[in-house]
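Shown here: upload-v9.cif, mmCIF, C-alpha atoms.
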```
data_data
loop_
_atom_site.label_atom_id
_atom_site.label_comp_id
_atom_site.auth_asym_id
_atom_site.auth_seq_id
_atom_site.Cartn_x
_atom_site.Cartn_y
_atom_site.Cartn_z
CA LEU A 1 11.83 -8.30 9.81
CA TYR A 2 10.80 -11.87 10.53
CA PRO A 3 8.18 -12.55 13.25
CA GLN A 4 9.68 -12.82 16.69
CA ALA A 5 9.51 -16.20 18.40
CA GLY A 6 6.38 -16.68 20.43
CA LEU A 7 4.36 -13.94 18.71
CA SER A 8 1.45 -14.69 16.41
CA PRO A 9 1.64 -13.05 12.95
CA LEU A 10 -1.20 -10.64 13.86
CA ILE A 11 0.37 -9.56 17.17
CA TYR A 12 3.76 -9.19 15.49
CA LYS A 13 2.23 -7.09 12.70
CA ASN A 14 0.47 -4.76 15.17
CA LYS A 15 3.64 -4.41 17.25
CA ARG A 16 5.71 -3.67 14.14
CA TYR A 17 3.42 -0.89 12.92
CA GLY A 18 3.15 0.44 16.47
CA ASP A 19 6.95 0.74 16.52
CA MET A 20 6.88 2.57 13.16
CA GLU A 21 4.23 5.02 14.39
CA SER A 22 6.37 5.93 17.41
CA ARG A 23 9.37 7.01 15.31
CA ASP A 24 10.06 10.71 14.77
CA ASN A 25 12.07 12.47 12.06
CA ASN A 26 15.19 12.39 14.21
CA TYR A 27 15.05 8.58 14.15
CA TYR A 28 15.24 8.64 10.35
CA ASP A 29 17.63 11.59 10.03
CA VAL A 30 20.43 9.89 11.94
CA ARG A 31 20.06 6.62 10.02
CA ALA A 32 19.13 7.74 6.50
CA GLN A 33 22.53 7.54 4.85
CA ASN A 34 23.55 4.26 6.43
CA VAL A 35 20.37 2.21 6.42
CA LYS A 36 20.59 -0.86 4.19
CA LEU A 37 17.73 -0.55 1.74
CA GLU A 38 17.53 -4.31 1.23
CA ASP A 39 16.75 -4.64 4.95
CA ILE A 40 13.68 -2.39 4.76
CA THR A 41 12.17 -3.58 1.48
CA SER A 42 10.78 -6.82 0.08
CA SER A 43 12.45 -6.70 -3.35
CA ALA A 44 15.28 -5.19 -5.38
CA HIS A 45 12.62 -3.28 -7.32
CA ASN A 46 11.37 -1.50 -4.17
CA ALA A 47 14.90 -0.96 -2.87
CA GLU A 48 15.80 0.85 -6.09
CA ILE A 49 12.80 3.16 -5.71
CA LEU A 50 13.91 4.01 -2.16
CA ARG A 51 17.45 4.66 -3.41
CA VAL A 52 16.19 7.08 -6.10
CA LEU A 53 14.02 8.87 -3.52
CA ARG A 54 16.83 9.03 -0.96
CA ASP A 55 19.51 10.19 -3.39
CA GLY A 56 17.28 12.79 -5.03
CA GLU A 57 17.73 11.48 -8.56
CA THR A 58 15.31 12.96 -11.08
CA THR A 59 15.11 9.97 -13.48
CA TRP A 60 11.38 9.34 -13.84
CA MET A 61 10.29 11.27 -10.73
CA ALA A 62 9.46 14.53 -12.45
CA SER A 63 7.46 13.04 -15.31
CA GLU A 64 5.66 9.93 -14.06
CA CYS A 65 3.43 8.92 -11.18
CA LEU A 66 4.80 7.05 -8.18
CA ASP A 67 2.17 4.41 -7.39
CA ILE A 68 2.11 2.81 -3.95
CA GLY A 69 -0.16 -0.14 -3.27
CA GLU A 70 -0.36 -3.64 -1.91
CA GLU A 71 0.37 -6.58 -4.14
CA PHE A 72 -2.54 -7.90 -6.17
CA ASP A 73 -3.15 -11.60 -6.70
CA ASP A 74 -1.05 -11.65 -9.84
CA ASP A 75 2.12 -13.69 -10.28
CA ASP A 76 3.26 -11.93 -13.43
CA ASP A 77 6.87 -11.11 -12.51
CA GLU A 78 7.56 -9.51 -15.89
CA GLU A 79 4.76 -7.02 -15.35
CA GLU A 80 6.23 -6.09 -11.96
CA GLU A 81 9.64 -5.48 -13.47
CA GLU A 82 8.14 -3.09 -16.02
CA GLN A 83 6.15 -1.02 -13.55
CA LYS A 84 7.58 1.86 -11.58
CA GLY A 85 5.29 1.49 -8.61
CA PHE A 86 6.21 0.49 -5.06
CA VAL A 87 4.43 -2.80 -4.38
CA ILE A 88 4.00 -3.28 -0.63
CA ARG A 89 4.55 -6.77 0.75
CA GLU A 90 5.68 -8.28 4.04
CA GLY A 91 9.11 -6.78 4.68
CA ASP A 92 8.46 -3.30 3.30
CA ASP A 93 8.87 -0.52 5.85
CA CYS A 94 6.27 2.18 5.18
CA GLY A 95 7.92 4.50 7.68
CA TRP A 96 11.11 4.69 5.63
CA LEU A 97 9.13 4.96 2.39
CA GLY A 98 7.17 7.93 3.74
CA TYR A 99 10.31 9.56 5.09
CA PHE A 100 12.15 9.40 1.76
CA ILE A 101 9.08 10.73 -0.10
CA GLY A 102 8.78 13.56 2.42
CA ARG A 103 12.41 14.57 1.91
CA ASN A 104 12.40 14.19 -1.89
CA LYS A 105 12.29 17.36 -4.02
CA HIS A 106 11.47 15.84 -7.41
CA VAL A 107 8.47 13.51 -7.14
CA GLN A 108 5.45 15.34 -8.52
CA HIS A 109 2.65 12.79 -8.77
CA LEU A 110 1.84 10.36 -5.95
CA CYS A 111 -0.95 7.77 -5.96
CA ILE A 112 -1.69 5.67 -2.87
CA TYR A 113 -4.21 2.86 -3.21
CA ASN A 114 -5.31 -0.41 -1.70
CA ILE A 115 -3.13 -0.40 1.42
CA SER A 116 -4.04 -1.11 5.03
CA GLU A 117 -4.91 1.52 7.59
CA GLU A 118 -1.77 0.76 9.60
CA GLN A 119 0.39 1.24 6.52
CA ILE A 120 -1.13 4.52 5.38
CA ILE A 121 -0.94 6.07 8.87
CA VAL A 122 2.79 5.36 9.00
CA LEU A 123 3.31 6.36 5.35
CA MET A 124 1.52 9.69 5.67
CA LYS A 125 3.62 10.74 8.67
CA GLY A 126 6.47 11.20 6.22
CA VAL A 127 4.57 12.15 3.06
CA LYS A 128 3.07 15.19 4.79
CA ASP A 129 6.51 16.86 4.76
CA ASN A 130 6.86 16.73 0.97
CA ARG A 131 6.81 20.06 -0.90
CA SER A 132 7.25 18.94 -4.53
CA ILE A 133 4.10 16.85 -5.08
CA GLN A 134 1.67 18.54 -7.46
CA TYR A 135 -0.84 15.72 -8.00
CA PHE A 136 -1.95 13.51 -5.12
CA ASP A 137 -4.44 10.63 -5.34
CA ILE A 138 -5.68 8.54 -2.40
CA SER A 139 -8.16 5.75 -3.07
CA ASP A 140 -9.67 2.40 -2.16
CA GLY A 141 -11.15 2.17 1.28
CA VAL A 142 -8.98 4.54 3.30
CA ARG A 143 -10.56 5.77 6.55
CA GLY A 144 -10.43 9.54 6.65
CA ASP A 145 -9.93 9.69 10.41
CA ALA A 146 -6.70 7.71 10.04
CA ILE A 147 -5.00 10.24 7.76
CA ILE A 148 -6.72 13.59 8.28
CA ASP A 149 -4.07 15.15 10.55
CA SER A 150 -1.23 14.36 8.16
CA LEU A 151 -3.31 15.19 5.08
CA ALA A 152 -4.38 18.56 6.50
CA SER A 153 -0.75 19.44 7.28
CA PHE A 154 0.23 18.46 3.74
CA ILE A 155 -2.52 20.59 2.19
CA ILE A 156 -1.57 23.65 4.23
CA SER A 157 2.18 23.44 3.71
CA ASN A 158 2.67 22.20 0.14
CA SER A 159 2.65 25.30 -2.05
CA ASN A 160 3.01 23.26 -5.27
CA LEU A 161 -0.10 21.11 -4.85
CA LYS A 162 -2.41 21.50 -7.86
CA LEU A 163 -4.70 18.49 -7.68
CA LEU A 164 -6.03 16.38 -4.80
CA ARG A 165 -8.34 13.42 -5.41
CA LEU A 166 -9.96 11.31 -2.71
CA PHE A 167 -11.71 8.22 -4.09
CA HIS A 168 -13.51 5.69 -1.91
CA VAL A 169 -12.32 7.43 1.26
CA ASP A 170 -14.45 6.91 4.36
CA MET A 171 -15.47 10.46 5.31
CA ASN A 172 -17.34 11.86 8.30
CA LEU A 173 -18.21 15.32 9.59
CA HIS A 174 -14.94 15.68 11.53
CA VAL A 175 -12.87 14.81 8.45
CA ALA A 176 -14.88 17.19 6.26
CA ARG A 177 -14.43 20.05 8.73
CA SER A 178 -10.70 19.40 9.03
CA LEU A 179 -10.33 19.42 5.23
CA ALA A 180 -12.29 22.68 5.00
CA GLU A 181 -10.14 24.28 7.71
CA ALA A 182 -6.96 23.15 5.94
CA LEU A 183 -8.15 24.68 2.67
CA ILE A 184 -8.99 27.93 4.45
CA GLN A 185 -5.56 28.08 6.10
CA ARG A 186 -3.81 27.34 2.80
CA GLU A 187 -2.25 30.59 1.55
CA HIS A 188 -1.18 29.26 -1.84
CA LYS A 189 -3.53 29.37 -4.82
CA SER A 190 -2.04 26.50 -6.82
CA LEU A 191 -4.67 23.95 -5.75
CA THR A 192 -7.33 24.28 -8.46
CA ASN A 193 -8.68 20.71 -8.65
CA PHE A 194 -10.11 19.03 -5.56
CA SER A 195 -12.09 15.89 -6.42
CA PHE A 196 -14.28 13.58 -4.37
CA CYS A 197 -15.65 10.36 -5.82
CA HIS A 198 -17.56 7.47 -4.25
CA ASN A 199 -17.19 8.85 -0.73
CA ASN A 200 -19.82 8.64 2.02
CA LEU A 201 -20.11 12.38 2.67
CA SER A 202 -23.42 13.40 4.22
CA ASN A 203 -25.33 16.50 3.16
CA GLU A 204 -24.29 18.11 6.45
CA ALA A 205 -20.63 17.44 5.74
CA LEU A 206 -20.95 18.86 2.22
#
```
Here is the file; what I need is its structure written in the form of structure tokens.
Amino acid sequence: LYPQAGLSPLIYKNKRYGDMESRDNNYYDVRAQNVKLEDITSSAHNAEILRVLRDGETTWMASECLDIGEEFDDDDDEEEEEQKGFVIREGDDCGWLGYFIGRNKHVQHLCIYNISEEQIIVLMKGVKDNRSIQYFDISDGVRGDAIIDSLASFIISNSNLKLLRLFHVDMNLHVARSLAEALIQREHKSLTNFSFCHNNLSNEAL
């Protein structure tokens, strides 16, 4: 996970996320039981979250929200130990995180916030396959075009989804149309709360 010799940090980062985007489910399926979680996470805290997701343990999954976000400028280690969220740092593999969420049957509330476009694209490729999530929040500067294909697939296929909130998501007419089409194609009636807040939707898109 360390930068390859001769590559700048930016080039290495772009190459790394490009490699993650090119993976398919077969890549993860054949490696899931043998992958070393400490090799794809930045901390023991995050590795334990992946283990719980992978092994299908209920623990806190059915009753509390799984928060996913980048690290804030806060060095309070005790606070990190108390939280149940996945704090993304250098060394965390969003492809594996998304895959384990997508395969998990117990997580019910997922909140994604304050992560880069590269990270959320890779993350959502796996999250879209989840069928247990009932409450889904996405916020803080996400570009709608980057996630709309995965999000639309998730909306159509997840029969348990009750609430979807998009806060501070960069919307355009294409994204709005794709969301509307996904809602039309959705056969399940469980989704009763669909919230937009602080988005740049035009009157035409609305």
Computed gap from CA of Val30 in chain A to CA of Leu50 in chain A is 16.6 Å
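Of the listed residues (A:Thr59, A:Ser159, A:Asn46, A:Asn26), A:Asn26 comes nearest to Gly126 in chain A; the distances count all atoms listed in the file.
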One residue among A:Asn172, A:Leu179, A:Glu187, A:Ser43 is nearest to Leu201 in chain A when using all atoms listed in the file, and that residue is A:Asn172
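Residues with any atom within 8 Å of range 88-97 of chain A, counting only C-alpha atoms and excluding same-chain neighbours fewer than 3 positions away, are Leu1, Tyr2, Met20, Glu21, Tyr28, Asp39, Ile40, Thr41, Ser42, Leu50, Ile68, Gly69, Glu70, Glu71, Phe100, Ile101, Ile115, Gln119, Ile120, Val122, Leu123, Lys125 and Gly126 of chain A.
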Given the selection you just returned, output its residues as a file containing C-alpha atoms, formatted as a CSV table (one decimal), keeping the file's coordinate frame.
```
chain,number,residue,atom,x,y,z
A,1,LEU,CA,11.8,-8.3,9.8
A,2,TYR,CA,10.8,-11.9,10.5
A,20,MET,CA,6.9,2.6,13.2
A,21,GLU,CA,4.2,5.0,14.4
A,28,TYR,CA,15.2,8.6,10.4
A,39,ASP,CA,16.8,-4.6,5.0
A,40,ILE,CA,13.7,-2.4,4.8
A,41,THR,CA,12.2,-3.6,1.5
A,42,SER,CA,10.8,-6.8,0.1
A,50,LEU,CA,13.9,4.0,-2.2
A,68,ILE,CA,2.1,2.8,-4.0
A,69,GLY,CA,-0.2,-0.1,-3.3
A,70,GLU,CA,-0.4,-3.6,-1.9
A,71,GLU,CA,0.4,-6.6,-4.1
A,100,PHE,CA,12.2,9.4,1.8
A,101,ILE,CA,9.1,10.7,-0.1
A,115,ILE,CA,-3.1,-0.4,1.4
A,119,GLN,CA,0.4,1.2,6.5
A,120,ILE,CA,-1.1,4.5,5.4
A,122,VAL,CA,2.8,5.4,9.0
A,123,LEU,CA,3.3,6.4,5.4
A,125,LYS,CA,3.6,10.7,8.7
A,126,GLY,CA,6.5,11.2,6.2
```
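Atom pair CA of Val87 in chain A / CA of Glu38 in chain A: separated by 14.3 Å.
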Residues near Val107 in chain A, cut-off 10 Å, only C-alpha atoms, skip fewer than 4 positions along chain, as a VMD selection string:
chain A and resid 53 56 to 66 101 to 103 130 to 135
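CA of Asp149 in chain A is found 9.2 Å from CA of Met124 in chain A.
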With distances taken over all atoms listed in the file, the candidate from A:Phe167, A:Ser153, A:Asn104, A:Glu118 nearest Asp137 in chain A is A:Phe167
Inset, instruction - Might you pull out every residue within 9 Å of Gly144 in chain A, with all atoms listed in the file counted and same-chain residues fewer than 4 positions away left off, and present them as number ranges by chain? - result: A: 148, 169-172, 175-176
Leaving out Phe154 in chain A and any residue of its chain fewer than 4 positions from it, which residues lie within 7 Å of it when counting all atoms listed in the file, given as a tab-separated table (two decimals) with C-alpha atoms, in the coordinates of the input?
```tsv
chain	number	residue	atom	x	y	z
A	128	LYS	CA	3.07	15.19	4.79
A	129	ASP	CA	6.51	16.86	4.76
A	150	SER	CA	-1.23	14.36	8.16
A	158	ASN	CA	2.67	22.20	0.14
```
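Ranking A:Arg165, A:Ser178, A:Asp67, A:Asn160 by their shortest atom-to-atom distance to Ile147 in chain A, with all atoms listed in the file included, puts A:Ser178 first.
Considering all atoms listed in the file, the residue among A:Phe196, A:Tyr99, A:Tyr27, A:Phe86 positioned nearest to Ile138 in chain A is A:Phe196.
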From the list A:Gly98, A:Glu181, A:Asp55, A:Arg186, the nearest residue to Arg23 in chain A using all atoms listed in the file is A:Gly98
